Structure formats: C-alpha cells, structure tokens
>>> print(open('upload.cif').read())   # mmCIF, C-alpha atoms
data_target
#
loop_
_atom_site.label_atom_id
_atom_site.label_comp_id
_atom_site.auth_asym_id
_atom_site.auth_seq_id
_atom_site.Cartn_x
_atom_site.Cartn_y
_atom_site.Cartn_z
CA GLN A 264 -13.36 -20.49 -2.77
CA VAL A 265 -12.98 -18.45 -5.93
CA GLN A 266 -14.95 -18.83 -9.15
CA LEU A 267 -13.51 -17.24 -12.26
CA VAL A 268 -15.25 -16.41 -15.54
CA GLU A 269 -13.31 -15.07 -18.52
CA SER A 270 -14.64 -13.04 -21.42
CA GLY A 271 -13.34 -10.98 -24.29
CA GLY A 272 -11.67 -13.54 -26.50
CA GLY A 273 -12.11 -13.58 -30.25
CA LEU A 274 -10.50 -13.41 -33.66
CA VAL A 275 -8.11 -10.58 -34.47
CA GLN A 276 -5.53 -9.87 -37.15
CA ALA A 277 -1.84 -9.80 -36.37
CA GLY A 278 -0.87 -6.44 -34.92
CA GLY A 279 -4.30 -5.93 -33.41
CA SER A 280 -5.45 -5.74 -29.82
CA LEU A 281 -7.84 -7.55 -27.51
CA ARG A 282 -8.81 -7.05 -23.89
CA LEU A 283 -9.68 -10.04 -21.77
CA SER A 284 -11.69 -9.75 -18.58
CA CYS A 285 -12.10 -12.15 -15.72
CA ALA A 286 -14.87 -11.75 -13.15
CA ALA A 287 -14.22 -13.38 -9.79
CA SER A 288 -16.71 -14.57 -7.19
CA VAL A 289 -15.02 -14.91 -3.83
CA SER A 290 -16.63 -16.80 -0.98
CA GLU A 291 -13.60 -16.96 1.29
CA GLY A 292 -11.49 -13.93 2.08
CA THR A 293 -11.32 -10.91 -0.18
CA PHE A 294 -10.33 -10.66 -3.82
CA SER A 295 -7.44 -8.31 -3.07
CA ASN A 296 -5.75 -10.99 -0.96
CA TYR A 297 -5.48 -13.42 -3.86
CA VAL A 298 -2.64 -13.66 -6.32
CA VAL A 299 -4.31 -13.58 -9.74
CA GLY A 300 -3.03 -14.04 -13.22
CA TRP A 301 -3.28 -15.52 -16.69
CA PHE A 302 -2.09 -18.71 -18.36
CA ARG A 303 -2.62 -19.87 -21.90
CA ARG A 304 -2.59 -23.13 -23.81
CA ALA A 305 -1.83 -23.22 -27.50
CA PRO A 306 -2.89 -26.24 -29.59
CA GLY A 307 -0.61 -29.18 -28.91
CA LYS A 308 1.36 -27.36 -26.23
CA GLU A 309 1.57 -27.26 -22.46
CA ARG A 310 -0.04 -24.53 -20.40
CA GLU A 311 2.15 -21.44 -20.37
CA PHE A 312 2.43 -18.70 -17.79
CA VAL A 313 1.48 -15.26 -19.13
CA ALA A 314 1.19 -12.77 -16.25
CA VAL A 315 0.51 -12.57 -12.52
CA ASN A 316 -0.22 -9.88 -9.95
CA SER A 317 -0.01 -9.80 -6.20
CA TRP A 318 -1.86 -6.86 -4.70
CA THR A 319 -0.23 -7.58 -1.33
CA THR A 320 3.34 -7.23 -2.62
CA GLY A 321 2.48 -4.78 -5.39
CA ASN A 322 4.28 -6.88 -7.99
CA THR A 323 3.26 -7.84 -11.50
CA TYR A 324 5.28 -10.31 -13.53
CA TYR A 325 5.10 -11.21 -17.20
CA SER A 326 6.51 -13.95 -19.35
CA MET A 327 9.26 -12.83 -21.70
CA SER A 328 7.10 -13.73 -24.68
CA VAL A 329 4.47 -11.10 -23.80
CA GLU A 330 6.36 -8.46 -21.82
CA GLY A 331 6.03 -5.06 -23.43
CA ARG A 332 2.93 -6.10 -25.38
CA PHE A 333 0.51 -7.31 -22.69
CA THR A 334 -0.59 -5.41 -19.61
CA MET A 335 -2.36 -6.98 -16.68
CA SER A 336 -4.50 -5.00 -14.28
CA ARG A 337 -7.07 -5.65 -11.59
CA ASP A 338 -10.00 -3.81 -10.07
CA ASN A 339 -10.41 -5.04 -6.51
CA ALA A 340 -13.63 -3.08 -6.01
CA GLU A 341 -15.20 -4.97 -8.93
CA ASN A 342 -13.42 -8.31 -8.28
CA THR A 343 -12.17 -8.26 -11.84
CA LEU A 344 -8.86 -8.70 -13.59
CA TYR A 345 -7.93 -7.72 -17.10
CA LEU A 346 -5.36 -8.57 -19.72
CA GLN A 347 -4.79 -5.90 -22.37
CA MET A 348 -3.08 -7.55 -25.32
CA ASN A 349 -1.48 -5.33 -27.96
CA SER A 350 0.65 -6.07 -31.02
CA LEU A 351 -0.79 -9.55 -31.17
CA LYS A 352 1.05 -12.24 -33.09
CA PRO A 353 -0.21 -15.53 -34.56
CA GLU A 354 1.83 -17.35 -31.91
CA ASP A 355 -0.38 -15.73 -29.25
CA THR A 356 -3.24 -17.94 -30.47
CA ALA A 357 -4.38 -20.00 -27.49
CA VAL A 358 -7.07 -20.56 -24.91
CA TYR A 359 -6.48 -18.02 -22.16
CA TYR A 360 -7.29 -18.87 -18.57
CA CYS A 361 -7.47 -16.64 -15.55
CA VAL A 362 -6.16 -18.17 -12.36
CA ALA A 363 -5.94 -17.47 -8.66
CA LYS A 364 -3.92 -18.71 -5.70
CA ASN A 365 -3.06 -17.66 -2.20
CA THR A 366 0.66 -16.86 -2.48
CA ILE A 367 3.09 -15.57 -5.09
CA PHE A 368 5.33 -18.58 -4.56
CA ASP A 369 6.07 -20.55 -7.76
CA TYR A 370 3.87 -18.20 -9.77
CA THR A 371 4.98 -19.62 -13.13
CA VAL A 372 3.94 -23.16 -12.21
CA SER A 373 0.41 -23.99 -13.36
CA SER A 374 -0.10 -26.80 -10.84
CA ARG A 375 0.33 -24.27 -8.01
CA TYR A 376 -2.90 -22.52 -8.94
CA LYS A 377 -5.98 -23.81 -7.17
CA TYR A 378 -8.59 -21.80 -9.08
CA TRP A 379 -9.08 -21.71 -12.85
CA GLY A 380 -11.61 -20.17 -15.17
CA GLN A 381 -13.11 -22.09 -18.08
CA GLY A 382 -10.94 -20.29 -20.64
CA THR A 383 -11.55 -18.00 -23.57
CA GLN A 384 -10.25 -18.54 -27.10
CA VAL A 385 -7.97 -15.98 -28.69
CA THR A 386 -7.14 -16.47 -32.35
CA VAL A 387 -4.67 -14.22 -34.18
CA SER A 388 -4.66 -14.49 -37.96
CA PRO A 389 -1.54 -13.69 -40.01
#
>>> encode(input="upload.cif", output="structure tokens")
Amino acid sequence: QVQLVESGGGLVQAGGSLRLSCAASVSEGTFSNYVVGWFRRAPGKEREFVAVNSWTTGNTYYSMSVEGRFTMSRDNAENTLYLQMNSLKPEDTAVYYCVAKNTIFDYTVSSRYKYWGQGTQVTVSP
C-alpha cells in the first residue's frame, strides 16, 4: 500500500516556475521499488501523462508537452518525489496528481496506476 500527498500547487504567471512535492507513505515494500510519476487533468479534458521514473531501471520519461521544461526527481531516503516546472504556460493549468505503480509497463496509461494522490491545483495566468 502507498499513500500519496501532493503539495506545492498555486497560481503563477506564464513563464514562471513552481515545484510540486509528493510525500509517500509505504506500508508494503520500499519506496525505491515503486515506479512513481505525475499525471494532470485540465478542465474538461482527460487525465494526461506528465512524467514517470523507475529507480530500478534508472529511466525517467516525459510527455512531449513538458519535456525540456519540467524535471522530475525523487528522494528515496525521504520517500518523496518532486516535479520542477519551469517556463510555465497557461495550457499547463490543471490538477496535478502524483501516482505510483509496481512496474514501468504502460507508464502513460492512467488506469495502470494503482495509487493516486488527491491532487494539487496549478493555475498559470497569461
């Protein structure tokens, strides 16, 4: 079992930066064994993959819409993952969720993730 709690959302102007955090409580296994990442949902849209990391394989993947602007990292000692968001655009406005699963398989598919945080709102003004 993994419980996830996001923080760090807010209102920022276009071109600005925000850093999201996600604290994980793990009752089965260790945090480093989980594939963790971020999804987002904009108003009126489906959930969208943002980024994912597998500590086991050493791989981090990003969606094309955020690559080069967002950086995902994790601190296994603190059971925390982060999403540094730079050069924010109004189209980045969404509720951001941190997620966790056991394998990297189908990492862009939201239904493959067993664990979800409650979400944090990010609003980017023009």
>>> closest_atom_pairs(input="upload.cif", of="segment 320-363 of chain A", to="segment 294-302 of chain A", cutoff="7 Å", atoms="all atoms listed in the file", output="tab-separated table")
residue	atom	partner	partner_atom	distance
A:Asn339	CA	A:Ser295	CA	5.6
A:Asn342	CA	A:Phe294	CA	5.9
A:Tyr359	CA	A:Phe302	CA	5.8
A:Tyr360	CA	A:Phe302	CA	5.2
A:Cys361	CA	A:Trp301	CA	4.5
A:Val362	CA	A:Gly300	CA	5.3
A:Ala363	CA	A:Val299	CA	4.4
>>> closest_residue(input="upload.cif", among="A:Val313, A:Leu351, A:Val268, A:Ile367", to="Val385 of chain A", atoms="all atoms listed in the file")
A:Leu351
>>> resolve_selection(input="upload.cif", expression="the PyMOL selection byres ((chain A and resi 266) around 8)", output="ChimeraX atom specification")
/A:264-265,267-268,287-289,378-380
>>> residues_around(input="upload.cif", residues="segment 320-336 of chain A", least_positions_apart="4", cutoff="12 Å", atoms="all atoms listed in the file", output="ChimeraX atom specification")
/A:278-285,295-303,311-316,341-352,354-355,361,366-372
>>> atom_distance(input="upload.cif", atom1="atom CA of Ser373 of chain A", atom2="atom CA of Ser290 of chain A")
22.3 Å
>>> atom_distance(input="upload.cif", atom1="atom CA of Gly271 of chain A", atom2="atom CA of Thr386 of chain A")
11.6 Å
>>> resolve_selection(input="upload.cif", expression="the PyMOL selection byres ((chain A and resi 276) around 7)", output="MDAnalysis selection string")
chainID A and resid 275 277:279 387:389
>>> closest_residue(input="upload.cif", among="A:Ser317, A:Lys308, A:Ala286, A:Asp338", to="Ser270 of chain A", atoms="all atoms listed in the file")
A:Ala286
>>> axis_aligned_box(input="upload.cif", around="segment 328-333 of chain A", padding_each_side="8 Å", output="AutoDock Vina command-line options")
--center_x 3.8 --center_y -9.4 --center_z -23.6 --size_x 22.6 --size_y 24.7 --size_z 19.6
>>> atom_distance(input="upload.cif", atom1="atom CA of Lys377 of chain A", atom2="atom CA of Trp318 of chain A")
17.6 Å
>>> build_atoms(input="upload.cif", residues="segment 346-357 of chain A", atoms="all heavy atoms", output="tab-separated table (two decimals), in the frame of the given file")
chain	number	residue	atom	x	y	z
A	346	LEU	N	-6.60	-8.37	-18.98
A	346	LEU	CA	-5.36	-8.57	-19.72
A	346	LEU	C	-5.51	-7.81	-21.04
A	346	LEU	O	-6.26	-8.22	-21.91
A	346	LEU	CB	-5.09	-10.05	-19.98
A	346	LEU	CG	-3.75	-10.34	-20.64
A	346	LEU	CD1	-2.60	-10.01	-19.68
A	346	LEU	CD2	-3.65	-11.80	-21.07
A	347	GLN	N	-4.82	-6.68	-21.13
A	347	GLN	CA	-4.79	-5.90	-22.37
A	347	GLN	C	-3.68	-6.45	-23.24
A	347	GLN	O	-2.51	-6.45	-22.84
A	347	GLN	CB	-4.55	-4.42	-22.06
A	347	GLN	CG	-4.45	-3.56	-23.30
A	347	GLN	CD	-5.75	-3.48	-24.07
A	347	GLN	OE1	-6.82	-3.34	-23.49
A	347	GLN	NE2	-5.66	-3.58	-25.39
A	348	MET	N	-4.04	-6.92	-24.43
A	348	MET	CA	-3.08	-7.55	-25.32
A	348	MET	C	-2.94	-6.70	-26.57
A	348	MET	O	-3.91	-6.53	-27.33
A	348	MET	CB	-3.55	-8.97	-25.68
A	348	MET	CG	-3.83	-9.83	-24.46
A	348	MET	SD	-4.24	-11.54	-24.88
A	348	MET	CE	-5.79	-11.30	-25.72
A	349	ASN	N	-1.77	-6.16	-26.78
A	349	ASN	CA	-1.48	-5.33	-27.96
A	349	ASN	C	-0.44	-6.01	-28.84
A	349	ASN	O	0.26	-6.93	-28.40
A	349	ASN	CB	-0.96	-3.96	-27.51
A	349	ASN	CG	-1.97	-3.19	-26.69
A	349	ASN	OD1	-3.18	-3.34	-26.88
A	349	ASN	ND2	-1.48	-2.37	-25.77
A	350	SER	N	-0.33	-5.53	-30.06
A	350	SER	CA	0.65	-6.07	-31.02
A	350	SER	C	0.59	-7.58	-31.07
A	350	SER	O	1.61	-8.28	-31.00
A	350	SER	CB	2.06	-5.61	-30.63
A	350	SER	OG	2.14	-4.20	-30.59
A	351	LEU	N	-0.61	-8.10	-31.20
A	351	LEU	CA	-0.79	-9.55	-31.17
A	351	LEU	C	-0.13	-10.23	-32.35
A	351	LEU	O	-0.07	-9.68	-33.46
A	351	LEU	CB	-2.28	-9.88	-31.12
A	351	LEU	CG	-2.91	-9.71	-29.73
A	351	LEU	CD1	-4.42	-9.58	-29.83
A	351	LEU	CD2	-2.53	-10.86	-28.83
A	352	LYS	N	0.36	-11.44	-32.09
A	352	LYS	CA	1.05	-12.24	-33.09
A	352	LYS	C	0.30	-13.56	-33.26
A	352	LYS	O	-0.37	-14.02	-32.31
A	352	LYS	CB	2.48	-12.53	-32.65
A	352	LYS	CG	3.30	-11.30	-32.31
A	352	LYS	CD	4.65	-11.70	-31.74
A	352	LYS	CE	5.48	-10.48	-31.36
A	352	LYS	NZ	6.79	-10.86	-30.79
A	353	PRO	N	0.43	-14.22	-34.40
A	353	PRO	CA	-0.21	-15.53	-34.56
A	353	PRO	C	0.19	-16.53	-33.47
A	353	PRO	O	-0.65	-17.36	-33.07
A	353	PRO	CB	0.28	-15.98	-35.94
A	353	PRO	CG	0.51	-14.71	-36.68
A	353	PRO	CD	1.05	-13.75	-35.65
A	354	GLU	N	1.40	-16.43	-32.96
A	354	GLU	CA	1.83	-17.35	-31.91
A	354	GLU	C	1.18	-17.06	-30.56
A	354	GLU	O	1.37	-17.82	-29.60
A	354	GLU	CB	3.36	-17.33	-31.75
A	354	GLU	CG	3.97	-15.96	-31.61
A	354	GLU	CD	4.50	-15.43	-32.94
A	354	GLU	OE1	3.78	-15.56	-33.97
A	354	GLU	OE2	5.61	-14.86	-32.95
A	355	ASP	N	0.40	-15.99	-30.46
A	355	ASP	CA	-0.38	-15.73	-29.25
A	355	ASP	C	-1.71	-16.50	-29.26
A	355	ASP	O	-2.44	-16.48	-28.27
A	355	ASP	CB	-0.68	-14.23	-29.10
A	355	ASP	CG	0.57	-13.41	-28.86
A	355	ASP	OD1	1.42	-13.84	-28.06
A	355	ASP	OD2	0.68	-12.33	-29.47
A	356	THR	N	-2.01	-17.15	-30.38
A	356	THR	CA	-3.24	-17.94	-30.47
A	356	THR	C	-3.24	-19.03	-29.42
A	356	THR	O	-2.31	-19.83	-29.34
A	356	THR	CB	-3.38	-18.56	-31.86
A	356	THR	OG1	-3.54	-17.50	-32.83
A	356	THR	CG2	-4.57	-19.50	-31.94
A	357	ALA	N	-4.30	-19.05	-28.59
A	357	ALA	CA	-4.38	-20.00	-27.49
A	357	ALA	C	-5.71	-19.82	-26.77
A	357	ALA	O	-6.43	-18.84	-27.01
A	357	ALA	CB	-3.24	-19.79	-26.50
